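Scroll down for the structure; my scribbles are underneath it.
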Amino acid sequence: PAYFEYLSKAFFHGLPTVLCKIVGVYQIGYHNRVTGRRTMEQVAVMQNIFFGRKISKIFDLKGSLRGRFTRQGNVEKEKKSSKKKNKHYRRSKSDNTTSDSDSFSSCDEDDDDTLSTSSGGIEKDEKATSNNADKGEKAEKSESISTLLDGDFLEFTNGRPLPLTDRAKAVFHMSILNDTLFLSIINVLDYSILVGIDEEKMELVVGIIDFMRQYDILKQMERVGKSLPMVVGSEAPTIIQPPLYKARFTNAMERYFMTVPSKWTTI
């Protein structure tokens, strides 16, 4: 109920949010007639924010570096690609994604918002005429990409924040504050933000996922268990109390993304 109430407020009051949409929650049960064992599982189906997009890289960010490195790919190759893709990003309202995810498109500092928005609308109309097979191919290509973590993100950006224009950063910052405050109030933690880089449009597509885990007795025991083997100066465990998780998550987003002013920025 709290989820629907929050999204309705965000929709009717125009509050920015990047929570991914929950399509449905199902309970699946099956019975093994040989062993007599019965099993019940709960499955949540969520929106695919990368559908129909040419995603080159996907990052799952939690704001922690403890065990958050996949060690996939070549370091030199990542550094070369980061030089090409480490550009300014701007929020695009003419995107074909839903309101659950924000997209940030690259643009030159000399282009104004009106030109970039109308250009995005033309691209949307042209893509609407393409057949579903092309969209399916893009979706399949996105699904085959490995999901990278916080350590990989810092390696990709060479330890520097990813630049966003002032408007994009403001909307992104407000969305993170709204969503993490809501999740902290309902005692939810262990969520992350999914960040995809769309090479074709030079956009970032983002959405908060895995926000259905509450801080119950099992999570408290897991937190204690992960804290015991820690030594002084090591990274904090991934399982912490919701308010602390919120603070760590929002602080990490400030480190991962930065504002780059343009000539349109108001001082």
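Going through the structure tokens in order, the chains are called A, B, and so on, while each chain numbers its residues from 1 and the ligands are numbered from 1 in the order shown.
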* **Selection near Pro243 (chain A), 10 Å with only C-alpha atoms, sequence-local residues under 4 positions removed, as a count of residues only** => 11
Please identify all polymer residues within 7 Å of Gln42 (chain A), counting only C-alpha atoms, omitting same-chain residues fewer than 3 positions from it, and present them as a compact mmCIF listing (two decimals) with C-alpha atoms, in the first residue's frame.
# COMPACT_ATOMS: atom_id res chain seq x y z
CA TYR A 26 2.93 -13.57 -8.03
CA GLN A 27 3.08 -16.63 -5.80
CA ILE A 28 4.17 -19.84 -7.51
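Restricting the calculation to only C-alpha atoms, the smallest distance between Glu155 (chain A) and any of A:Ile208, A:Ile176, A:Leu244, A:Leu65 is found for A:Leu65.
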Each residue of region 143-188 of chain A lying at most 7 Å from region 53-63 of chain A should get a row with its shortest atom-to-atom pair and the distance in Å to one decimal, counting only C-alpha atoms; could you produce that, ordered by chain and increasing number, as CSV?
residue,atom,partner,partner_atom,distance
A:Ile145,CA,A:Lys57,CA,6.9
A:Thr147,CA,A:Ile58,CA,5.1
A:Leu148,CA,A:Phe59,CA,4.6
A:Leu149,CA,A:Asp60,CA,5.1
A:Asp150,CA,A:Leu61,CA,5.2
A:Phe153,CA,A:Phe59,CA,6.7
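You can rank A:Met253, A:Glu5, A:Asn32, A:Asp198 by their closest distance to Pro161 (chain A) using only C-alpha atoms, and at the top of that list sits A:Met253.
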